[in-house]
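Student: Got a structure for you, final01.txt, holding compact mmCIF, C-alpha atoms and all ligand atoms.
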# COMPACT_ATOMS: atom_id res chain seq x y z
CA MET D 1482 27.74 6.06 -24.05
CA ARG D 1483 25.46 4.38 -26.54
CA ILE D 1484 22.69 6.38 -28.23
CA ALA D 1485 19.43 4.78 -29.38
CA LEU D 1486 17.15 6.77 -31.67
CA THR D 1487 14.77 3.96 -32.56
CA LEU D 1488 12.78 1.37 -30.63
CA THR D 1489 14.78 -1.39 -32.32
CA GLU D 1490 18.11 0.07 -31.20
CA LEU D 1491 16.76 0.50 -27.69
CA ARG D 1492 15.40 -3.06 -27.50
CA THR D 1493 18.66 -4.54 -28.79
CA ALA D 1494 20.69 -2.74 -26.11
CA ILE D 1495 18.20 -3.60 -23.32
CA ASN D 1496 18.02 -7.28 -24.32
CA GLU D 1497 21.81 -7.54 -24.18
CA GLN D 1498 21.89 -6.16 -20.65
CA LYS D 1499 18.96 -8.34 -19.52
CA ARG D 1500 20.72 -11.43 -20.87
CA LEU D 1501 23.77 -10.50 -18.82
CA GLY D 1502 21.55 -10.24 -15.74
CA LYS D 1503 22.30 -6.52 -15.26
CA LYS D 1504 20.11 -4.30 -13.06
CA ILE D 1505 18.74 -1.43 -15.11
CA GLY D 1506 18.18 2.04 -13.64
CA PHE D 1507 16.02 4.42 -15.69
CA VAL D 1508 15.74 8.22 -15.65
CA PRO D 1509 12.96 9.57 -17.90
CA THR D 1510 13.31 13.27 -18.85
CA MET D 1511 12.27 15.84 -21.42
CA GLY D 1512 15.86 17.08 -21.74
CA TYR D 1513 17.40 20.53 -21.39
CA LEU D 1514 19.19 18.83 -18.53
CA HIS D 1515 20.25 20.56 -15.33
CA GLU D 1516 21.58 19.38 -11.97
CA GLY D 1517 18.11 18.26 -10.89
CA HIS D 1518 18.17 15.66 -13.67
CA GLY D 1519 21.85 15.08 -12.91
CA SER D 1520 21.06 14.10 -9.31
CA LEU D 1521 18.68 11.39 -10.55
CA ILE D 1522 21.31 10.04 -12.95
CA THR D 1523 23.99 9.98 -10.23
CA ARG D 1524 21.67 8.12 -7.88
CA ALA D 1525 20.74 5.65 -10.63
CA LYS D 1526 24.44 5.08 -11.37
CA ALA D 1527 25.11 4.30 -7.71
CA GLU D 1528 22.29 1.77 -7.42
CA ASN D 1529 22.28 -0.11 -10.75
CA ASP D 1530 24.61 -1.81 -13.25
CA TYR D 1531 23.32 -0.01 -16.33
CA VAL D 1532 21.69 3.43 -16.57
CA VAL D 1533 19.25 4.43 -19.28
CA LEU D 1534 18.34 8.10 -19.73
CA SER D 1535 15.48 9.07 -22.02
CA ILE D 1536 15.13 12.52 -23.54
CA PHE D 1537 11.74 12.96 -25.15
CA VAL D 1538 9.55 16.05 -25.12
CA ASN D 1539 6.22 14.27 -24.87
CA PRO D 1540 3.52 16.15 -26.82
CA LEU D 1541 0.77 14.13 -25.11
CA GLN D 1542 1.32 15.84 -21.75
CA PHE D 1543 1.08 19.42 -23.07
CA GLY D 1544 -2.25 21.24 -23.36
CA PRO D 1545 -3.19 22.99 -26.61
CA ASN D 1546 -2.15 26.42 -25.30
CA GLU D 1547 0.98 25.24 -23.49
CA ASP D 1548 4.66 25.43 -24.40
CA TYR D 1549 5.24 22.18 -26.36
CA GLU D 1550 6.61 23.97 -29.44
CA ARG D 1551 8.87 26.34 -27.53
CA TYR D 1552 9.95 23.92 -24.77
CA PRO D 1553 13.76 24.36 -24.58
CA ARG D 1554 15.84 21.73 -26.39
CA ASP D 1555 19.64 21.31 -26.67
CA PHE D 1556 20.50 17.75 -27.57
CA ALA D 1557 24.25 18.27 -28.09
CA LYS D 1558 24.65 19.79 -24.63
CA ASP D 1559 22.43 17.14 -23.01
CA ARG D 1560 24.38 14.35 -24.67
CA ASP D 1561 27.70 15.69 -23.33
CA TYR D 1562 26.28 16.16 -19.85
CA ALA D 1563 24.77 12.66 -19.84
CA GLU D 1564 28.08 11.19 -20.96
CA SER D 1565 29.98 13.08 -18.25
CA LEU D 1566 27.69 11.52 -15.62
CA GLY D 1567 28.26 8.01 -16.95
CA VAL D 1568 24.90 7.32 -18.60
CA ASP D 1569 25.21 3.99 -20.43
CA LEU D 1570 22.37 4.36 -22.89
CA LEU D 1571 20.70 7.56 -24.06
CA PHE D 1572 17.32 7.04 -25.69
CA HIS D 1573 16.26 9.99 -27.83
CA PRO D 1574 13.39 9.02 -30.13
CA GLU D 1575 11.42 11.15 -32.58
CA VAL D 1576 7.72 11.71 -31.89
CA ARG D 1577 6.71 9.42 -34.79
CA GLU D 1578 8.85 6.62 -33.38
CA ILE D 1579 6.97 6.76 -30.07
CA TYR D 1580 3.55 7.65 -31.49
CA PRO D 1581 3.26 6.23 -35.04
CA ASN D 1582 -0.40 7.24 -34.81
CA TYR D 1583 -0.75 10.36 -32.75
CA PRO D 1584 -2.55 10.42 -30.40
CA SER D 1585 -2.74 6.67 -29.85
CA LEU D 1586 -6.10 5.10 -29.07
CA THR D 1587 -4.87 3.75 -25.75
CA LYS D 1588 -4.19 6.00 -22.79
CA VAL D 1589 -3.35 5.39 -19.15
CA THR D 1590 -5.53 7.33 -16.72
CA VAL D 1591 -4.93 7.45 -12.99
CA SER D 1592 -8.13 8.89 -11.55
CA GLY D 1593 -8.71 10.92 -8.37
CA ILE D 1594 -5.24 12.17 -7.49
CA THR D 1595 -4.81 13.60 -11.00
CA GLU D 1596 -7.83 15.86 -10.68
CA LEU D 1597 -6.33 18.36 -8.24
CA LEU D 1598 -3.19 20.56 -8.08
CA CYS D 1599 -1.52 20.58 -11.53
CA GLY D 1600 -4.20 18.22 -12.88
CA ALA D 1601 -6.88 20.86 -12.25
CA SER D 1602 -4.91 23.60 -14.05
CA ARG D 1603 -3.63 21.29 -16.81
CA PRO D 1604 -6.47 18.93 -17.85
CA GLY D 1605 -5.15 15.77 -19.52
CA HIS D 1606 -1.57 16.45 -18.42
CA PHE D 1607 -1.26 13.42 -16.14
CA ASP D 1608 -2.87 11.09 -18.71
CA GLY D 1609 -0.05 12.17 -21.00
CA VAL D 1610 2.56 11.59 -18.30
CA ALA D 1611 1.17 8.19 -17.20
CA THR D 1612 0.86 7.03 -20.82
CA ILE D 1613 4.42 7.93 -21.82
CA VAL D 1614 5.91 6.57 -18.60
CA ALA D 1615 4.00 3.28 -19.05
CA LYS D 1616 5.27 3.04 -22.65
CA LEU D 1617 8.84 3.81 -21.57
CA PHE D 1618 8.66 1.22 -18.75
CA ASN D 1619 7.55 -1.41 -21.27
CA LEU D 1620 10.42 -0.50 -23.59
CA VAL D 1621 13.24 -0.05 -21.06
CA MET D 1622 12.05 -2.72 -18.57
CA PRO D 1623 13.95 -1.06 -15.72
CA ASP D 1624 14.45 -2.53 -12.26
CA ARG D 1625 14.34 0.96 -10.76
CA ALA D 1626 13.10 4.31 -12.08
CA TYR D 1627 14.10 7.68 -10.65
CA PHE D 1628 11.73 10.65 -10.30
CA GLY D 1629 12.26 14.04 -8.68
CA LEU D 1630 10.05 15.29 -5.87
CA LYS D 1631 10.11 18.66 -7.66
CA ASP D 1632 7.07 17.07 -9.34
CA ALA D 1633 5.62 15.50 -6.19
CA GLN D 1634 2.21 14.88 -7.73
CA GLN D 1635 3.89 13.13 -10.66
CA VAL D 1636 5.64 10.82 -8.18
CA ALA D 1637 2.30 10.03 -6.50
CA VAL D 1638 0.65 9.37 -9.89
CA ILE D 1639 3.44 7.09 -11.13
CA GLN D 1640 3.57 5.18 -7.85
CA GLN D 1641 -0.21 4.62 -8.09
CA MET D 1642 0.05 3.49 -11.72
CA VAL D 1643 2.86 1.06 -10.91
CA LYS D 1644 0.83 -0.40 -8.06
CA ASP D 1645 -2.45 -0.63 -9.98
CA LEU D 1646 -0.93 -2.07 -13.18
CA ASN D 1647 1.68 -4.26 -11.45
CA PHE D 1648 4.71 -2.84 -13.22
CA PRO D 1649 7.77 -4.71 -11.88
CA VAL D 1650 9.60 -1.43 -11.25
CA GLU D 1651 10.74 0.20 -8.02
CA ILE D 1652 10.02 3.92 -8.04
CA VAL D 1653 12.75 5.94 -6.31
CA PRO D 1654 11.67 9.49 -5.34
CA CYS D 1655 14.62 11.92 -5.15
CA PRO D 1656 14.97 15.30 -3.36
CA ILE D 1657 14.53 18.69 -5.06
CA ILE D 1658 17.74 20.32 -6.29
CA ARG D 1659 17.76 24.12 -5.97
CA GLU D 1660 19.69 27.14 -7.19
CA GLU D 1661 21.82 28.87 -4.55
CA ASP D 1662 19.04 31.34 -3.73
CA GLY D 1663 16.50 28.52 -3.32
CA LEU D 1664 14.69 28.54 -6.67
CA ALA D 1665 13.98 24.92 -7.67
CA LYS D 1666 15.98 24.03 -10.78
CA SER D 1667 13.75 23.64 -13.81
CA SER D 1668 14.17 23.55 -17.58
CA ARG D 1669 11.50 26.25 -17.69
CA ASN D 1670 13.53 28.74 -15.58
CA VAL D 1671 15.16 29.99 -18.82
CA TYR D 1672 11.84 31.58 -19.75
CA LEU D 1673 12.11 34.04 -16.82
CA ASN D 1674 13.36 37.58 -17.42
CA ASN D 1675 15.63 39.21 -14.82
CA GLU D 1676 12.85 40.76 -12.79
CA GLU D 1677 10.71 37.59 -12.83
CA ARG D 1678 13.74 35.51 -11.86
CA LYS D 1679 14.39 37.75 -8.82
CA GLN D 1680 10.77 37.66 -7.67
CA ALA D 1681 10.49 33.88 -8.21
CA VAL D 1682 12.65 33.29 -5.12
CA ILE D 1683 9.50 33.94 -3.09
CA LEU D 1684 8.26 30.41 -3.88
CA SER D 1685 10.99 28.60 -1.98
CA GLN D 1686 11.13 31.32 0.68
CA SER D 1687 7.42 30.99 1.46
CA LEU D 1688 7.68 27.18 1.64
CA LYS D 1689 10.66 27.44 3.95
CA LYS D 1690 8.73 29.81 6.19
CA ALA D 1691 5.70 27.47 6.15
CA LYS D 1692 7.88 24.56 7.22
CA ALA D 1693 9.40 26.65 10.01
CA GLU D 1694 5.92 27.65 11.25
CA ILE D 1695 4.87 24.00 11.35
CA GLU D 1696 8.04 23.13 13.24
CA ARG D 1697 7.12 25.86 15.74
CA GLY D 1698 3.77 24.15 16.33
CA GLU D 1699 1.30 25.58 13.79
CA ARG D 1700 -1.15 22.84 12.73
CA ASN D 1701 -3.84 24.87 10.95
CA ALA D 1702 -3.54 24.36 7.19
CA GLY D 1703 -5.69 27.40 6.38
CA ARG D 1704 -3.41 29.74 8.33
CA ILE D 1705 -0.30 28.32 6.66
CA LYS D 1706 -1.83 28.74 3.20
CA GLU D 1707 -2.81 32.32 4.03
CA MET D 1708 0.73 33.13 5.16
CA ILE D 1709 2.15 31.70 1.91
CA ARG D 1710 -0.43 33.64 -0.14
CA GLU D 1711 0.53 36.93 1.51
CA MET D 1712 4.23 36.34 0.98
CA ILE D 1713 3.78 35.46 -2.69
CA LEU D 1714 1.46 38.37 -3.38
CA SER D 1715 4.15 40.73 -1.99
CA GLN D 1716 5.84 40.15 -5.37
CA PRO D 1717 4.00 42.27 -7.97
CA LEU D 1718 4.61 39.93 -10.94
CA ALA D 1719 3.36 36.79 -9.17
CA VAL D 1720 -0.04 35.35 -10.13
CA ILE D 1721 -1.07 32.43 -7.94
CA ASP D 1722 -2.49 29.33 -9.63
CA TYR D 1723 -2.81 27.25 -6.45
CA ILE D 1724 -1.51 26.86 -2.91
CA GLU D 1725 -2.53 23.51 -1.38
CA ILE D 1726 -1.78 21.44 1.67
CA LEU D 1727 -2.55 17.74 1.20
CA THR D 1728 -1.52 14.39 2.63
CA PHE D 1729 1.33 12.72 0.74
CA PRO D 1730 1.29 10.51 -1.30
CA SER D 1731 -2.50 9.99 -1.05
CA LEU D 1732 -3.18 13.70 -1.83
CA GLU D 1733 -6.18 14.11 0.46
CA LYS D 1734 -7.39 17.52 1.61
CA ILE D 1735 -6.86 18.23 5.29
CA ASP D 1736 -7.65 20.96 7.80
CA SER D 1737 -5.42 19.86 10.64
CA MET D 1738 -1.97 18.50 9.94
CA GLU D 1739 -1.64 16.44 13.13
CA ASN D 1740 0.27 13.14 12.69
CA LYS D 1741 0.55 13.29 8.92
CA THR D 1742 3.04 13.51 6.11
CA VAL D 1743 1.91 16.64 4.30
CA LEU D 1744 2.70 18.11 0.93
CA ILE D 1745 2.64 21.89 0.70
CA ALA D 1746 2.49 22.56 -3.02
CA LEU D 1747 2.19 25.69 -5.08
CA ALA D 1748 2.03 26.84 -8.67
CA VAL D 1749 2.61 30.49 -9.52
CA LYS D 1750 2.81 32.29 -12.84
CA PHE D 1751 5.35 34.97 -13.65
CA GLY D 1752 4.36 36.40 -17.01
CA GLN D 1753 3.86 33.39 -19.31
CA THR D 1754 5.95 31.10 -17.13
CA ARG D 1755 4.25 28.76 -14.68
CA LEU D 1756 6.53 27.59 -11.86
CA ILE D 1757 5.85 24.86 -9.31
CA ASP D 1758 7.50 24.10 -6.00
CA ASN D 1759 6.70 22.14 -2.87
CA VAL D 1760 7.91 20.85 0.44
CA ILE D 1761 7.01 17.62 2.23
CA VAL D 1762 6.82 17.82 6.01
CA GLU D 1763 6.54 14.89 8.43
CA ILE D 1764 4.35 16.04 11.32
CA GLY D 1765 4.18 14.41 14.72
CA GLY D 1766 1.12 14.53 17.00
P1 LIG D 1801 11.31 16.68 -16.78
O1 LIG D 1801 10.57 17.91 -16.40
O2 LIG D 1801 12.42 16.76 -17.77
O3 LIG D 1801 11.87 16.04 -15.46
C1 LIG D 1801 12.52 14.79 -15.49
C2 LIG D 1801 12.73 14.33 -14.05
O4 LIG D 1801 13.62 15.25 -13.40
C3 LIG D 1801 11.42 14.33 -13.24
O5 LIG D 1801 11.38 13.17 -12.42
C4 LIG D 1801 11.54 15.60 -12.42
O6 LIG D 1801 10.81 15.56 -11.21
C5 LIG D 1801 13.04 15.65 -12.17
N1 LIG D 1801 13.46 17.01 -11.81
C6 LIG D 1801 13.26 18.16 -12.49
N2 LIG D 1801 13.74 19.23 -11.81
C7 LIG D 1801 14.25 18.72 -10.65
C8 LIG D 1801 14.88 19.31 -9.51
N3 LIG D 1801 15.09 20.62 -9.42
N4 LIG D 1801 15.30 18.49 -8.52
C9 LIG D 1801 15.09 17.14 -8.59
N5 LIG D 1801 14.49 16.54 -9.64
C10 LIG D 1801 14.08 17.31 -10.65
O7 LIG D 1801 9.01 15.24 -15.50
C11 LIG D 1801 9.19 15.10 -16.70
O8 LIG D 1801 10.29 15.59 -17.37
C12 LIG D 1801 8.18 14.38 -17.58
O9 LIG D 1801 6.90 14.53 -17.07
C13 LIG D 1801 8.50 12.86 -17.76
C14 LIG D 1801 8.44 12.12 -16.42
C15 LIG D 1801 9.87 12.66 -18.41
C16 LIG D 1801 7.44 12.22 -18.69
O10 LIG D 1801 7.44 12.84 -19.93
Show me the file's structure as C-alpha cells.
Ligand code: PAJ
Tutor:
Amino acid sequence: MRIALTLTELRTAINEQKRLGKKIGFVPTMGYLHEGHGSLITRAKAENDYVVLSIFVNPLQFGPNEDYERYPRDFAKDRDYAESLGVDLLFHPEVREIYPNYPSLTKVTVSGITELLCGASRPGHFDGVATIVAKLFNLVMPDRAYFGLKDAQQVAVIQQMVKDLNFPVEIVPCPIIREEDGLAKSSRNVYLNNEERKQAVILSQSLKKAKAEIERGERNAGRIKEMIREMILSQPLAVIDYIEILTFPSLEKIDSMENKTVLIALAVKFGQTRLIDNVIVEIGG
C-alpha cells in the first residue's frame, strides 16, 4: 500500500493509474476506521482496479462547539486495517496541505436539502462536507466513490452536488453496518460510557419497529414518529434532536407514505455524544 501525505504525491500516483487506464474507486473518510468503513473499501475493491482511501478529519464540517479537536484518531491502526483490506493508496494529508488558507474563500453549498435534519442542528456542516468532497474528487478523479447510508442525508447531498456540478463520478451508496445488538457502527461510539452504550440500542430498535409497523400497513408518518419518540424517551439518558420521515433522496416532508421511498431518520444525544441512525423503506400503494 502506497501512502501519500501531500497533494504532489497523490497526483503522481493518480496520474500513473490514469495513464494505465485503471478504474479508480474512492472511499473518503475521517479515519478511526471500523467495519462500516471496511465495507465501503471491500466494495470498492470488488468494483475497481485501484482503490484510494482518504483519511482526513475535515475542520470545515465541524461547528465551533463540536468535537473537531477530540475527534478520535489512530493513524497506525487505520493504516494496518486499510492495508489488510487491500487499499492501494492511502491519502492522509495535513490540514495546511488541504487548506493552505483556512477557511478558503470558495465553498460548495447545496441548498434546500441541507437545511433540514442534521443541517438544521449543525449549521454549515454540509457546506464543509460538500466542499471537502468536491476538493477530494478533483484531486483523486475517481470513477466511483463509495458512501455509507449511515449518513443518508450526506449521500443525498453528494448525489445532488455531483449532478449539479457535473462531476464525472458515480456515487455508490452502501448499506449501514451495525454492531451485533443493532447499534450503527460509528467512530463516535467510543465516546459512550457503559450506560449510554446500553441505552443507545433504542435507536436501531425503534427504527426496526417503525419498519415493521409500515410493513403491517401503517401509512401515517405522524403516528410512526410518535411511536419512535415514545420508545426513545423510555431511555432516561436519551435527548432527542430530531425524528423525521422524508422522501428519499429528495428529502421532502410527507404526511402519508403511500407509494414512496421514505427515509426515517433520527438524531439523539446521550450525554455529549450525538448519534444518528436511519432506515430507508420502499412503500407500495
Ligand atoms: P466518516 O464519518 O469517517 O465516514 C466515512 C464514510 O463511512 C461515510 O460515507 C459514512 O457514511 C460511512 N460509514 C460510517 N459508518 C458506517 C456504517 N456503520 N455503515 C456503513 N457506512 C458507514 O462521512 C464522513 O466521514 C465525512 O463527512 C466525509 C465524507 C469523509 C467528508 O469529510
Student: By how many Å are CA of Gly1752 in chain D and CA of Gly1519 in chain D apart?
Tutor: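 Atom-to-atom, CA of Gly1752 in chain D to CA of Gly1519 in chain D, that is 27.9 Å.
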Student: Sorted by chain and rising residue number, which residues of chain D lie within 6 Å of ligand LIG 1801 (chain D), and what are their closest atom pairs and distances in Å to one decimal, counting all atoms listed in the file, as a tab-separated table?
Tutor:
residue	atom	partner	partner_atom	distance
D:Pro1509	CA	D:LIG1801	C15	4.4
D:Thr1510	CA	D:LIG1801	C15	3.5
D:Met1511	CA	D:LIG1801	O2	3.8
D:Gly1512	CA	D:LIG1801	O2	5.3
D:Gly1517	CA	D:LIG1801	C8	3.7
D:His1518	CA	D:LIG1801	O4	4.6
D:Asn1539	CA	D:LIG1801	O10	5.3
D:Val1610	CA	D:LIG1801	C16	4.9
D:Val1614	CA	D:LIG1801	C16	5.9
D:Phe1628	CA	D:LIG1801	O5	3.3
D:Gly1629	CA	D:LIG1801	O6	3.3
D:Leu1630	CA	D:LIG1801	O6	5.4
D:Lys1631	CA	D:LIG1801	O6	4.8
D:Asp1632	CA	D:LIG1801	O6	4.4
D:Pro1656	CA	D:LIG1801	C9	5.5
D:Ile1657	CA	D:LIG1801	N4	3.6
D:Ile1658	CA	D:LIG1801	N4	3.8
D:Arg1659	CA	D:LIG1801	N3	5.6
D:Ala1665	CA	D:LIG1801	N3	4.8
D:Lys1666	CA	D:LIG1801	N3	3.8
D:Ser1667	CA	D:LIG1801	N2	4.8
Student: Filtering to C-alpha atoms, could you give me those residues as a tab-separated table (two decimals), in the coordinates of the input?
Tutor:
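Dumped everything to part17.tsv:
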chain	number	residue	atom	x	y	z
D	1509	PRO	CA	12.96	9.57	-17.90
D	1510	THR	CA	13.31	13.27	-18.85
D	1511	MET	CA	12.27	15.84	-21.42
D	1512	GLY	CA	15.86	17.08	-21.74
D	1517	GLY	CA	18.11	18.26	-10.89
D	1518	HIS	CA	18.17	15.66	-13.67
D	1539	ASN	CA	6.22	14.27	-24.87
D	1610	VAL	CA	2.56	11.59	-18.30
D	1614	VAL	CA	5.91	6.57	-18.60
D	1628	PHE	CA	11.73	10.65	-10.30
D	1629	GLY	CA	12.26	14.04	-8.68
D	1630	LEU	CA	10.05	15.29	-5.87
D	1631	LYS	CA	10.11	18.66	-7.66
D	1632	ASP	CA	7.07	17.07	-9.34
D	1656	PRO	CA	14.97	15.30	-3.36
D	1657	ILE	CA	14.53	18.69	-5.06
D	1658	ILE	CA	17.74	20.32	-6.29
D	1659	ARG	CA	17.76	24.12	-5.97
D	1665	ALA	CA	13.98	24.92	-7.67
D	1666	LYS	CA	15.98	24.03	-10.78
D	1667	SER	CA	13.75	23.64	-13.81
Student: Skip Ile1495 in chain D itself and residues of its chain fewer than 2 positions away, then list as a ChimeraX atom specification all residues within 10 Å of it, counting all atoms listed in the file.
Tutor: /D:1489-1493,1497-1501,1503,1505,1531,1533,1570,1620-1623
Student: Could you work out how far CA of Ala1611 in chain D lies from CA of Thr1587 in chain D, giving the answer in Å with one decimal?
Tutor: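 Atom-to-atom, CA of Thr1587 in chain D and CA of Ala1611 in chain D are spaced 11.4 Å apart.
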Student: Please report the interatomic distance between CA of Ser1737 in chain D and CA of Ile1695 in chain D in Å with one decimal.
Tutor: 11.1 Å
Student: Hey, which of D:Val1591, D:Leu1521, D:Leu1514, D:Ala1494 ends up closest to Phe1556 in chain D? Count only C-alpha atoms.
Tutor: D:Leu1514
Student: For a quick check of understanding, using all atoms listed in the file, which of D:Lys1588, D:His1515, D:Lys1526, D:Lys1741 has the smallest distance to Asp1555 in chain D?
Tutor: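 Result for the nearest residue to Asp1555 in chain D: D:His1515.
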Student: Go through D:Arg1524, D:Arg1551, D:Lys1690, D:Arg1678 and flag the residue nearest Leu1566 in chain D, using all atoms listed in the file for the distances.
Tutor: D:Arg1524
Student: Using only C-alpha atoms, pick whichever of D:Val1760, D:Ile1705, D:Ala1746, D:Val1508 has the shortest atom-to-atom distance to Tyr1627 in chain D.
Tutor: D:Val1508
Student: Tell me which of D:Val1653, D:Leu1598, D:Val1720, D:Leu1688 sits closest to Leu1732 in chain D, counting only C-alpha atoms.
Tutor: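 Once distances to Leu1732 in chain D are computed over only C-alpha atoms, the minimum belongs to D:Leu1598.
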Student: Please rebuild range 1518-1526 of chain D with all heavy atoms and return the result as a compact mmCIF listing (two decimals), keeping the file's coordinate frame.
Tutor:
# COMPACT_ATOMS: atom_id res chain seq x y z
N HIS D 1518 18.10 16.92 -12.91
CA HIS D 1518 18.17 15.66 -13.67
C HIS D 1518 19.45 14.92 -13.31
O HIS D 1518 19.45 13.69 -13.16
CB HIS D 1518 18.18 15.95 -15.18
CG HIS D 1518 16.99 16.70 -15.69
ND1 HIS D 1518 17.09 17.98 -16.20
CD2 HIS D 1518 15.68 16.36 -15.77
CE1 HIS D 1518 15.89 18.39 -16.60
NE2 HIS D 1518 15.01 17.44 -16.34
N GLY D 1519 20.54 15.68 -13.20
CA GLY D 1519 21.85 15.08 -12.91
C GLY D 1519 21.83 14.29 -11.61
O GLY D 1519 22.43 13.21 -11.52
N SER D 1520 21.11 14.80 -10.60
CA SER D 1520 21.06 14.10 -9.31
C SER D 1520 20.36 12.74 -9.46
O SER D 1520 20.72 11.78 -8.78
CB SER D 1520 20.36 14.96 -8.26
OG SER D 1520 18.97 15.05 -8.53
N LEU D 1521 19.38 12.67 -10.33
CA LEU D 1521 18.68 11.39 -10.55
C LEU D 1521 19.62 10.40 -11.24
O LEU D 1521 19.66 9.21 -10.90
CB LEU D 1521 17.43 11.57 -11.42
CG LEU D 1521 16.40 12.64 -11.03
CD1 LEU D 1521 15.18 12.55 -11.94
CD2 LEU D 1521 15.95 12.50 -9.60
N ILE D 1522 20.38 10.90 -12.21
CA ILE D 1522 21.31 10.04 -12.95
C ILE D 1522 22.39 9.50 -12.00
O ILE D 1522 22.71 8.30 -12.00
CB ILE D 1522 21.96 10.83 -14.11
CG1 ILE D 1522 20.89 11.25 -15.13
CG2 ILE D 1522 23.06 10.00 -14.79
CD1 ILE D 1522 21.37 12.25 -16.18
N THR D 1523 22.93 10.39 -11.16
CA THR D 1523 23.99 9.98 -10.23
C THR D 1523 23.48 8.91 -9.26
O THR D 1523 24.16 7.92 -8.99
CB THR D 1523 24.49 11.22 -9.46
OG1 THR D 1523 24.92 12.18 -10.42
CG2 THR D 1523 25.64 10.89 -8.53
N ARG D 1524 22.26 9.12 -8.78
CA ARG D 1524 21.67 8.12 -7.88
C ARG D 1524 21.46 6.79 -8.61
O ARG D 1524 21.78 5.72 -8.09
CB ARG D 1524 20.35 8.68 -7.34
CG ARG D 1524 19.52 7.77 -6.51
CD ARG D 1524 19.77 7.98 -5.02
NE ARG D 1524 18.99 7.05 -4.23
CZ ARG D 1524 17.87 7.37 -3.58
NH1 ARG D 1524 17.42 8.61 -3.62
NH2 ARG D 1524 17.22 6.47 -2.87
N ALA D 1525 20.97 6.87 -9.84
CA ALA D 1525 20.74 5.65 -10.63
C ALA D 1525 22.06 4.92 -10.88
O ALA D 1525 22.12 3.69 -10.82
CB ALA D 1525 20.05 6.00 -11.95
N LYS D 1526 23.11 5.69 -11.15
CA LYS D 1526 24.44 5.08 -11.37
C LYS D 1526 24.89 4.32 -10.13
O LYS D 1526 25.47 3.24 -10.22
CB LYS D 1526 25.49 6.16 -11.67
CG LYS D 1526 25.55 6.65 -13.10
CD LYS D 1526 25.95 5.58 -14.09
CE LYS D 1526 27.43 5.22 -14.09
NZ LYS D 1526 27.72 4.21 -15.16
